[in-house]
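Pasting input_24.txt here (compact mmCIF, C-alpha atoms):
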# COMPACT_ATOMS: atom_id res chain seq x y z
CA LYS A 22 -7.93 -25.69 19.50
CA LEU A 23 -6.44 -22.41 20.67
CA GLY A 24 -8.53 -19.25 20.45
CA ILE A 25 -5.62 -17.12 19.18
CA GLU A 26 -6.71 -14.07 17.17
CA ARG A 27 -3.30 -12.47 16.48
CA LEU A 28 -0.06 -14.28 15.65
CA THR A 29 3.49 -13.35 14.56
CA VAL A 30 5.62 -16.16 13.12
CA TRP A 31 9.37 -15.89 12.53
CA ASP A 32 10.92 -19.33 12.19
CA LEU A 33 8.23 -21.65 10.88
CA HIS A 34 7.31 -22.59 7.32
CA ALA A 35 3.64 -22.02 6.55
CA SER A 36 3.13 -25.79 6.32
CA GLN A 37 4.13 -26.14 9.98
CA LEU A 38 1.38 -23.90 11.29
CA PRO A 39 -1.49 -25.70 13.01
CA PRO A 40 -5.12 -24.62 12.45
CA PHE A 41 -6.23 -21.49 14.30
CA PRO A 42 -9.92 -21.12 13.45
CA LYS A 43 -10.25 -17.80 15.30
CA LEU A 44 -7.09 -16.23 13.90
CA LYS A 45 -7.73 -12.78 12.41
CA ARG A 46 -4.32 -11.13 12.13
CA LEU A 47 -1.19 -12.93 10.94
CA ALA A 48 2.35 -11.65 10.38
CA ILE A 49 4.74 -14.25 8.97
CA VAL A 50 8.29 -14.33 7.65
CA VAL A 51 8.32 -16.47 4.51
CA GLN A 52 11.08 -18.11 2.49
CA ASP A 53 9.04 -18.30 -0.71
CA PRO A 54 5.71 -16.46 -0.98
CA ALA A 55 4.79 -18.37 -4.16
CA THR A 56 4.60 -21.66 -2.26
CA GLU A 57 3.64 -20.50 1.23
CA VAL A 58 0.77 -18.13 0.41
CA PRO A 59 -1.34 -20.98 -1.07
CA ILE A 60 -0.86 -22.91 2.18
CA LEU A 61 -1.90 -19.89 4.21
CA ALA A 62 -4.93 -19.37 1.98
CA GLU A 63 -5.99 -22.98 2.50
CA ARG A 64 -5.75 -22.80 6.29
CA PHE A 65 -6.48 -19.17 7.10
CA SER A 66 -8.72 -17.75 4.38
CA HIS A 67 -10.74 -16.05 7.14
CA LEU A 68 -7.92 -13.59 8.00
CA THR A 69 -8.67 -9.87 8.11
CA GLU A 70 -4.99 -8.80 8.26
CA LEU A 71 -2.02 -10.48 6.56
CA ARG A 72 1.55 -9.23 6.79
CA ILE A 73 4.02 -11.14 4.63
CA TRP A 74 7.67 -10.48 5.43
CA GLY A 75 10.77 -11.90 3.80
CA SER A 76 14.41 -11.90 4.83
CA HIS A 77 15.36 -9.35 2.15
CA LEU A 78 14.37 -11.73 -0.66
CA GLU A 79 15.60 -10.64 -4.09
CA ASP A 80 12.84 -12.41 -5.98
CA GLY A 81 9.37 -13.52 -5.03
CA GLN A 82 5.91 -13.96 -6.50
CA LEU A 83 2.50 -13.28 -5.05
CA PRO A 84 0.34 -16.14 -6.36
CA VAL A 85 -3.28 -15.89 -7.50
CA ASP A 86 -4.24 -17.74 -4.31
CA ILE A 87 -4.24 -14.33 -2.63
CA GLU A 88 -7.80 -13.96 -3.95
CA ARG A 89 -8.93 -16.64 -1.49
CA PHE A 90 -8.59 -14.24 1.45
CA GLY A 91 -12.10 -12.90 0.93
CA ARG A 92 -12.27 -11.10 4.29
CA LEU A 93 -8.86 -9.45 4.09
CA GLU A 94 -8.85 -5.78 5.04
CA VAL A 95 -5.09 -5.19 5.41
CA LEU A 96 -2.29 -6.59 3.22
CA GLU A 97 1.34 -5.75 3.87
CA LEU A 98 4.27 -7.00 1.77
CA ILE A 99 7.71 -6.34 3.25
CA SER A 100 11.10 -7.40 1.79
CA CYS A 101 9.58 -10.48 0.17
CA GLY A 102 10.89 -9.99 -3.38
CA ILE A 103 7.54 -9.05 -4.98
CA ARG A 104 7.96 -7.25 -8.32
CA THR A 105 4.40 -7.34 -9.64
CA LEU A 106 0.94 -7.94 -8.24
CA PRO A 107 -1.49 -10.44 -9.81
CA ASP A 108 -4.82 -9.31 -11.26
CA ALA A 109 -6.42 -11.65 -8.75
CA LEU A 110 -5.72 -9.05 -6.06
CA ALA A 111 -8.62 -6.98 -7.43
CA LYS A 112 -11.01 -9.68 -6.20
CA LEU A 113 -10.30 -8.74 -2.57
CA ASP A 114 -13.41 -6.63 -2.19
CA SER A 115 -12.89 -6.11 1.54
CA LEU A 116 -9.31 -4.81 1.24
CA ARG A 117 -8.95 -1.29 2.63
CA THR A 118 -5.19 -0.95 3.29
CA PHE A 119 -2.27 -1.99 1.10
CA GLU A 120 1.42 -1.48 1.88
CA ILE A 121 4.59 -2.59 0.13
CA ARG A 122 8.18 -1.86 1.22
CA GLY A 123 11.61 -3.34 0.61
CA CYS A 124 10.54 -5.08 -2.61
CA PRO A 125 12.01 -4.67 -6.13
CA MET A 126 8.87 -3.06 -7.54
CA ASP A 127 9.59 -0.21 -9.97
CA HIS A 128 6.10 0.89 -10.96
CA PHE A 129 2.80 1.72 -9.31
CA PRO A 130 0.68 -1.47 -9.28
CA GLU A 131 -2.13 -0.59 -11.67
CA VAL A 132 -4.28 -3.41 -10.32
CA LEU A 133 -4.79 -1.23 -7.25
CA THR A 134 -6.61 1.34 -9.40
CA ARG A 135 -9.25 -1.31 -10.08
CA MET A 136 -10.03 -1.54 -6.37
CA PRO A 137 -12.35 1.42 -5.71
CA LYS A 138 -12.84 0.53 -2.05
CA LEU A 139 -9.16 0.84 -1.16
CA GLU A 140 -8.75 3.66 1.34
CA ARG A 141 -5.02 3.60 2.19
CA ILE A 142 -1.98 2.87 0.00
CA HIS A 143 1.61 2.97 1.23
CA ILE A 144 4.45 2.48 -1.26
CA GLY A 145 8.04 2.61 -0.05
CA GLU A 146 9.82 1.75 -3.29
CA PRO A 147 11.18 4.00 -6.07
CA ILE A 148 8.62 3.95 -8.89
CA ALA A 149 8.62 5.49 -12.35
CA GLY A 150 5.49 7.55 -11.77
CA LEU A 151 1.76 7.38 -11.15
CA PRO A 152 -0.71 5.98 -13.72
CA PRO A 153 -3.51 8.23 -15.01
CA THR A 154 -6.00 5.62 -13.79
CA LEU A 155 -5.08 6.54 -10.21
CA GLY A 156 -7.65 9.30 -10.54
CA ASN A 157 -10.37 6.63 -10.63
CA MET A 158 -9.75 5.76 -6.98
CA LYS A 159 -12.45 7.95 -5.50
CA GLY A 160 -12.40 6.01 -2.24
CA LEU A 161 -8.71 6.67 -1.59
CA ARG A 162 -8.22 8.71 1.58
CA GLU A 163 -4.55 8.21 2.35
CA LEU A 164 -1.63 7.91 -0.08
CA SER A 165 1.89 7.53 1.26
CA LEU A 166 4.68 7.64 -1.33
CA GLY A 167 7.57 8.75 0.89
CA HIS A 168 10.58 8.94 -1.42
CA ALA A 169 9.02 6.68 -4.07
CA LEU A 170 9.09 9.32 -6.80
CA ASN A 171 12.26 11.01 -8.07
CA LYS A 172 13.96 7.59 -7.92
CA GLY A 173 13.81 7.65 -4.16
CA ALA A 174 16.14 10.64 -3.87
CA MET A 175 15.80 12.89 -0.86
CA LEU A 176 15.79 16.49 -2.12
CA SER A 177 15.60 19.85 -0.39
CA LYS A 178 14.96 23.46 -1.38
CA TRP A 179 18.72 23.95 -1.82
CA ASP A 180 18.97 21.34 -4.58
CA ASP A 181 19.07 22.27 -8.25
CA ILE A 182 15.45 22.63 -9.36
CA LYS A 183 16.30 20.70 -12.53
CA THR A 184 16.73 17.55 -10.45
CA MET A 185 13.15 17.76 -9.22
CA LYS A 186 10.07 16.39 -10.90
CA ALA A 187 6.75 18.15 -11.04
CA LEU A 188 4.13 16.85 -8.65
CA PRO A 189 1.93 14.43 -10.67
CA LYS A 190 -1.25 16.21 -11.76
CA VAL A 191 -3.31 13.06 -11.27
CA LEU A 192 -3.11 13.67 -7.51
CA GLY A 193 -5.47 16.58 -7.99
CA GLU A 194 -8.15 14.17 -9.23
CA LEU A 195 -8.31 12.31 -5.92
CA SER A 196 -11.25 14.30 -4.58
CA ASN A 197 -11.59 12.33 -1.32
CA LEU A 198 -7.89 12.25 -0.45
CA GLU A 199 -7.29 13.34 3.15
CA LYS A 200 -3.60 12.50 3.67
CA LEU A 201 -0.75 12.67 1.19
CA TYR A 202 2.83 11.88 2.20
CA GLU A 203 5.33 12.76 -0.49
CA GLU A 204 8.64 14.22 0.51
CA GLN A 205 10.76 15.51 -2.35
CA HIS A 206 8.73 17.77 -4.61
CA GLN A 207 8.46 21.54 -4.83
CA TRP A 208 6.25 23.35 -2.36
CA ALA A 209 4.69 25.36 -5.17
CA ASP A 210 3.35 22.14 -6.69
CA ALA A 211 2.09 20.98 -3.30
CA TYR A 212 0.17 24.22 -2.86
CA ALA A 213 -1.40 23.91 -6.31
CA THR A 214 -2.59 20.39 -5.49
CA ARG A 215 -4.09 21.59 -2.21
CA ARG A 216 -6.00 24.30 -4.01
CA LYS A 217 -7.36 21.96 -6.68
CA LEU A 218 -8.61 19.48 -4.09
CA ALA A 219 -10.14 22.25 -2.01
CA LEU A 220 -12.03 23.75 -4.94
CA GLN A 221 -13.52 20.37 -5.78
CA ASP A 222 -15.04 20.11 -2.33
CA THR A 223 -17.55 22.13 -0.34
CA ALA A 224 -16.63 25.23 1.61
CA THR A 225 -16.91 23.38 4.90
CA SER A 226 -14.24 20.83 3.98
CA GLN A 227 -11.76 23.10 2.21
CA THR A 228 -9.82 23.69 5.41
CA ARG A 229 -9.53 19.96 5.97
CA HIS A 230 -7.80 19.38 2.63
CA GLN A 231 -5.43 22.30 3.06
CA GLU A 232 -4.34 21.26 6.52
CA ILE A 233 -3.82 17.53 6.17
CA LEU A 234 -1.92 17.29 2.92
CA ALA A 235 1.61 16.87 4.24
CA PHE A 236 4.86 17.11 2.28
Can the structure in the file be given as structure tokens, please?
Amino acid sequence: KLGIERLTVWDLHASQLPPFPKLKRLAIVVQDPATEVPILAERFSHLTELRIWGSHLEDGQLPVDIERFGRLEVLELISCGIRTLPDALAKLDSLRTFEIRGCPMDHFPEVLTRMPKLERIHIGEPIAGLPPTLGNMKGLRELSLGHALNKGAMLSKWDDIKTMKALPKVLGELSNLEKLYEEQHQWADAYATRRKLALQDTATSQTRHQEILAF
């Protein structure tokens, strides 16, 4: 048996993968996540990083078998057709980083707000807004929304202010947030969020919050 710890798979179905008992990090292009993720969970439940890619799939489902990856620290879903996330995801107690891009998801996955140990979330899809329960994520240190809000539109200071949305107030409740990437809101709102986070913290860490929040 090969002692491979990291593997990227492009042209094989999950069922064609042989056992790799020492495998820790897997990136795989799937045809159907609903049928291939259970196979991966059966053979590689010991993974710490799983990156599931699709060839621009229009529809896909993340099955409840995802809960079997008990050691998973990083989960990335790219162009694999995922619209919603199962509640079973909340059972991944070791998960620290979640990223989704190129999928037809139109809302912030609320199941993530039930995962207090998540530290990094990256969402690259236009979403309707942020849930009020996001403020419960006291362990969140990095939130990357890119152009997810404002229907993904890229706006500048020369655009009509009426086309811009206010920066969600719930962001000010993330007291441990260190990095925020959000690229189309008003600078005045960004400044207000910086100030709220800074006031919640001690004097020694105020500068940290003001410097690293990036818009």
I need the residue nearest Glu26 of chain A from this list: A:Leu68, A:Met158, A:Ala109, A:Val191. Use all atoms listed in the file for the distance.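 Looking only at the distances to Glu26 of chain A, the closest residue turns out to be A:Leu68.
With distances restricted to all atoms listed in the file, A:Glu140 is the closest residue to Lys200 of chain A from A:Asp80, A:Glu88, A:Glu140, A:Glu146.
Put simply, atom CA of Met126 of chain A is 25.0 Å away from atom CA of Arg46 of chain A.
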Please, what distance in Å, to one decimal, runs between atom CA of Ala111 of chain A and atom CA of Leu47 of chain A? 20.7 Å
Neighbour list for Gly150 of chain A as JSON, numbers by chain, cut-off 9 Å, all atoms listed in the file, skip fewer than 6 positions in-chain: {"A": [127, 128, 129, 169, 170, 171, 189]}
Expected residue set, 10 Å radius at (-15.8, -9.9, 6.3), all atoms listed in the file, as a ChimeraX atom specification: /A:67-69,90-94,114-116
For atom CA of Gly75 of chain A and atom CA of Val50 of chain A, determine how far apart the two atoms are, in Å to one decimal place.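 The value is 5.2 Å.
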Of the residues A:Gly123, A:Leu188, A:Thr56, A:Glu199, which is the one nearest to Arg162 of chain A, using only C-alpha atoms?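 For Arg162 of chain A, the nearest of the candidates is A:Glu199.
The smallest atom-to-atom distance between Gly102 of chain A and any of A:Asp53, A:Glu131, A:Glu70, A:Glu120, using only C-alpha atoms, is found for A:Asp53.
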With distances taken over all atoms listed in the file, which residue among A:Pro125, A:Val132, A:Pro54, A:Ser76 lies nearest Trp31 of chain A? A:Ser76
Completed segment 111-122 of chain A (all heavy atoms) as a PDB file, in the frame of the given file:
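Writing done, so here's result.pdb:
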ATOM      1  N   ALA A 111      -7.440  -7.832  -7.284  1.00  0.00           N
ATOM      2  CA  ALA A 111      -8.620  -6.980  -7.430  1.00  0.00           C
ATOM      3  C   ALA A 111      -9.893  -7.653  -6.922  1.00  0.00           C
ATOM      4  O   ALA A 111     -10.914  -6.989  -6.738  1.00  0.00           O
ATOM      5  CB  ALA A 111      -8.789  -6.560  -8.883  1.00  0.00           C
ATOM      6  N   LYS A 112      -9.844  -8.957  -6.694  1.00  0.00           N
ATOM      7  CA  LYS A 112     -11.010  -9.680  -6.200  1.00  0.00           C
ATOM      8  C   LYS A 112     -11.186  -9.540  -4.687  1.00  0.00           C
ATOM      9  O   LYS A 112     -12.189  -9.990  -4.138  1.00  0.00           O
ATOM     10  CB  LYS A 112     -10.906 -11.157  -6.577  1.00  0.00           C
ATOM     11  CG  LYS A 112     -10.940 -11.406  -8.083  1.00  0.00           C
ATOM     12  CD  LYS A 112     -10.901 -12.882  -8.396  1.00  0.00           C
ATOM     13  CE  LYS A 112     -10.949 -13.126  -9.906  1.00  0.00           C
ATOM     14  NZ  LYS A 112     -10.940 -14.573 -10.224  1.00  0.00           N
ATOM     15  N   LEU A 113     -10.209  -8.922  -4.022  1.00  0.00           N
ATOM     16  CA  LEU A 113     -10.300  -8.740  -2.570  1.00  0.00           C
ATOM     17  C   LEU A 113     -11.168  -7.522  -2.282  1.00  0.00           C
ATOM     18  O   LEU A 113     -10.681  -6.419  -2.015  1.00  0.00           O
ATOM     19  CB  LEU A 113      -8.908  -8.578  -1.963  1.00  0.00           C
ATOM     20  CG  LEU A 113      -7.967  -9.771  -2.120  1.00  0.00           C
ATOM     21  CD1 LEU A 113      -6.641  -9.510  -1.434  1.00  0.00           C
ATOM     22  CD2 LEU A 113      -8.609 -11.045  -1.567  1.00  0.00           C
ATOM     23  N   ASP A 114     -12.447  -7.727  -2.303  1.00  0.00           N
ATOM     24  CA  ASP A 114     -13.410  -6.630  -2.190  1.00  0.00           C
ATOM     25  C   ASP A 114     -13.402  -5.964  -0.822  1.00  0.00           C
ATOM     26  O   ASP A 114     -13.828  -4.821  -0.683  1.00  0.00           O
ATOM     27  CB  ASP A 114     -14.816  -7.155  -2.509  1.00  0.00           C
ATOM     28  CG  ASP A 114     -15.806  -6.038  -2.748  1.00  0.00           C
ATOM     29  OD1 ASP A 114     -15.526  -5.183  -3.615  1.00  0.00           O
ATOM     30  OD2 ASP A 114     -16.845  -5.996  -2.063  1.00  0.00           O
ATOM     31  N   SER A 115     -12.904  -6.672   0.191  1.00  0.00           N
ATOM     32  CA  SER A 115     -12.890  -6.110   1.540  1.00  0.00           C
ATOM     33  C   SER A 115     -11.601  -5.359   1.864  1.00  0.00           C
ATOM     34  O   SER A 115     -11.506  -4.717   2.911  1.00  0.00           O
ATOM     35  CB  SER A 115     -13.071  -7.242   2.582  1.00  0.00           C
ATOM     36  OG  SER A 115     -14.329  -7.860   2.445  1.00  0.00           O
ATOM     37  N   LEU A 116     -10.612  -5.421   0.960  1.00  0.00           N
ATOM     38  CA  LEU A 116      -9.310  -4.810   1.240  1.00  0.00           C
ATOM     39  C   LEU A 116      -9.434  -3.285   1.326  1.00  0.00           C
ATOM     40  O   LEU A 116      -9.967  -2.641   0.430  1.00  0.00           O
ATOM     41  CB  LEU A 116      -8.299  -5.190   0.166  1.00  0.00           C
ATOM     42  CG  LEU A 116      -6.827  -4.966   0.540  1.00  0.00           C
ATOM     43  CD1 LEU A 116      -6.411  -5.898   1.657  1.00  0.00           C
ATOM     44  CD2 LEU A 116      -5.926  -5.161  -0.666  1.00  0.00           C
ATOM     45  N   ARG A 117      -8.903  -2.735   2.419  1.00  0.00           N
ATOM     46  CA  ARG A 117      -8.950  -1.290   2.630  1.00  0.00           C
ATOM     47  C   ARG A 117      -7.551  -0.674   2.706  1.00  0.00           C
ATOM     48  O   ARG A 117      -7.389   0.503   2.397  1.00  0.00           O
ATOM     49  CB  ARG A 117      -9.716  -0.966   3.924  1.00  0.00           C
ATOM     50  CG  ARG A 117     -11.167  -1.414   3.900  1.00  0.00           C
ATOM     51  CD  ARG A 117     -11.971  -0.630   2.878  1.00  0.00           C
ATOM     52  NE  ARG A 117     -13.378  -1.031   2.854  1.00  0.00           N
ATOM     53  CZ  ARG A 117     -13.872  -1.969   2.072  1.00  0.00           C
ATOM     54  NH1 ARG A 117     -13.081  -2.615   1.221  1.00  0.00           N
ATOM     55  NH2 ARG A 117     -15.147  -2.287   2.097  1.00  0.00           N
ATOM     56  N   THR A 118      -6.546  -1.471   3.120  1.00  0.00           N
ATOM     57  CA  THR A 118      -5.190  -0.950   3.290  1.00  0.00           C
ATOM     58  C   THR A 118      -4.191  -1.851   2.604  1.00  0.00           C
ATOM     59  O   THR A 118      -4.194  -3.067   2.817  1.00  0.00           O
ATOM     60  CB  THR A 118      -4.820  -0.841   4.790  1.00  0.00           C
ATOM     61  OG1 THR A 118      -5.744   0.036   5.444  1.00  0.00           O
ATOM     62  CG2 THR A 118      -3.411  -0.294   4.965  1.00  0.00           C
ATOM     63  N   PHE A 119      -3.332  -1.244   1.772  1.00  0.00           N
ATOM     64  CA  PHE A 119      -2.270  -1.990   1.100  1.00  0.00           C
ATOM     65  C   PHE A 119      -0.944  -1.272   1.315  1.00  0.00           C
ATOM     66  O   PHE A 119      -0.843  -0.065   1.131  1.00  0.00           O
ATOM     67  CB  PHE A 119      -2.537  -2.124  -0.394  1.00  0.00           C
ATOM     68  CG  PHE A 119      -1.398  -2.764  -1.153  1.00  0.00           C
ATOM     69  CD1 PHE A 119      -1.254  -4.138  -1.165  1.00  0.00           C
ATOM     70  CD2 PHE A 119      -0.454  -1.988  -1.819  1.00  0.00           C
ATOM     71  CE1 PHE A 119      -0.191  -4.735  -1.832  1.00  0.00           C
ATOM     72  CE2 PHE A 119       0.598  -2.574  -2.497  1.00  0.00           C
ATOM     73  CZ  PHE A 119       0.735  -3.951  -2.499  1.00  0.00           C
ATOM     74  N   GLU A 120       0.086  -2.048   1.673  1.00  0.00           N
ATOM     75  CA  GLU A 120       1.420  -1.480   1.880  1.00  0.00           C
ATOM     76  C   GLU A 120       2.472  -2.401   1.298  1.00  0.00           C
ATOM     77  O   GLU A 120       2.391  -3.624   1.440  1.00  0.00           O
ATOM     78  CB  GLU A 120       1.692  -1.259   3.378  1.00  0.00           C
ATOM     79  CG  GLU A 120       3.083  -0.705   3.655  1.00  0.00           C
ATOM     80  CD  GLU A 120       3.295  -0.319   5.105  1.00  0.00           C
ATOM     81  OE1 GLU A 120       2.330  -0.410   5.896  1.00  0.00           O
ATOM     82  OE2 GLU A 120       4.430   0.074   5.455  1.00  0.00           O
ATOM     83  N   ILE A 121       3.469  -1.819   0.641  1.00  0.00           N
ATOM     84  CA  ILE A 121       4.590  -2.590   0.130  1.00  0.00           C
ATOM     85  C   ILE A 121       5.879  -1.811   0.370  1.00  0.00           C
ATOM     86  O   ILE A 121       5.961  -0.620   0.072  1.00  0.00           O
ATOM     87  CB  ILE A 121       4.422  -2.950  -1.365  1.00  0.00           C
ATOM     88  CG1 ILE A 121       5.563  -3.858  -1.826  1.00  0.00           C
ATOM     89  CG2 ILE A 121       4.305  -1.710  -2.237  1.00  0.00           C
ATOM     90  CD1 ILE A 121       5.300  -4.539  -3.158  1.00  0.00           C
ATOM     91  N   ARG A 122       6.888  -2.476   0.930  1.00  0.00           N
ATOM     92  CA  ARG A 122       8.180  -1.860   1.220  1.00  0.00           C
ATOM     93  C   ARG A 122       9.284  -2.898   1.063  1.00  0.00           C
ATOM     94  O   ARG A 122       9.077  -4.093   1.285  1.00  0.00           O
ATOM     95  CB  ARG A 122       8.227  -1.315   2.662  1.00  0.00           C
ATOM     96  CG  ARG A 122       7.366  -0.099   2.899  1.00  0.00           C
ATOM     97  CD  ARG A 122       7.535   0.475   4.302  1.00  0.00           C
ATOM     98  NE  ARG A 122       6.881  -0.341   5.326  1.00  0.00           N
ATOM     99  CZ  ARG A 122       7.512  -1.023   6.261  1.00  0.00           C
ATOM    100  NH1 ARG A 122       8.836  -1.044   6.292  1.00  0.00           N
ATOM    101  NH2 ARG A 122       6.842  -1.718   7.155  1.00  0.00           N
TER     102      ARG A 122
END
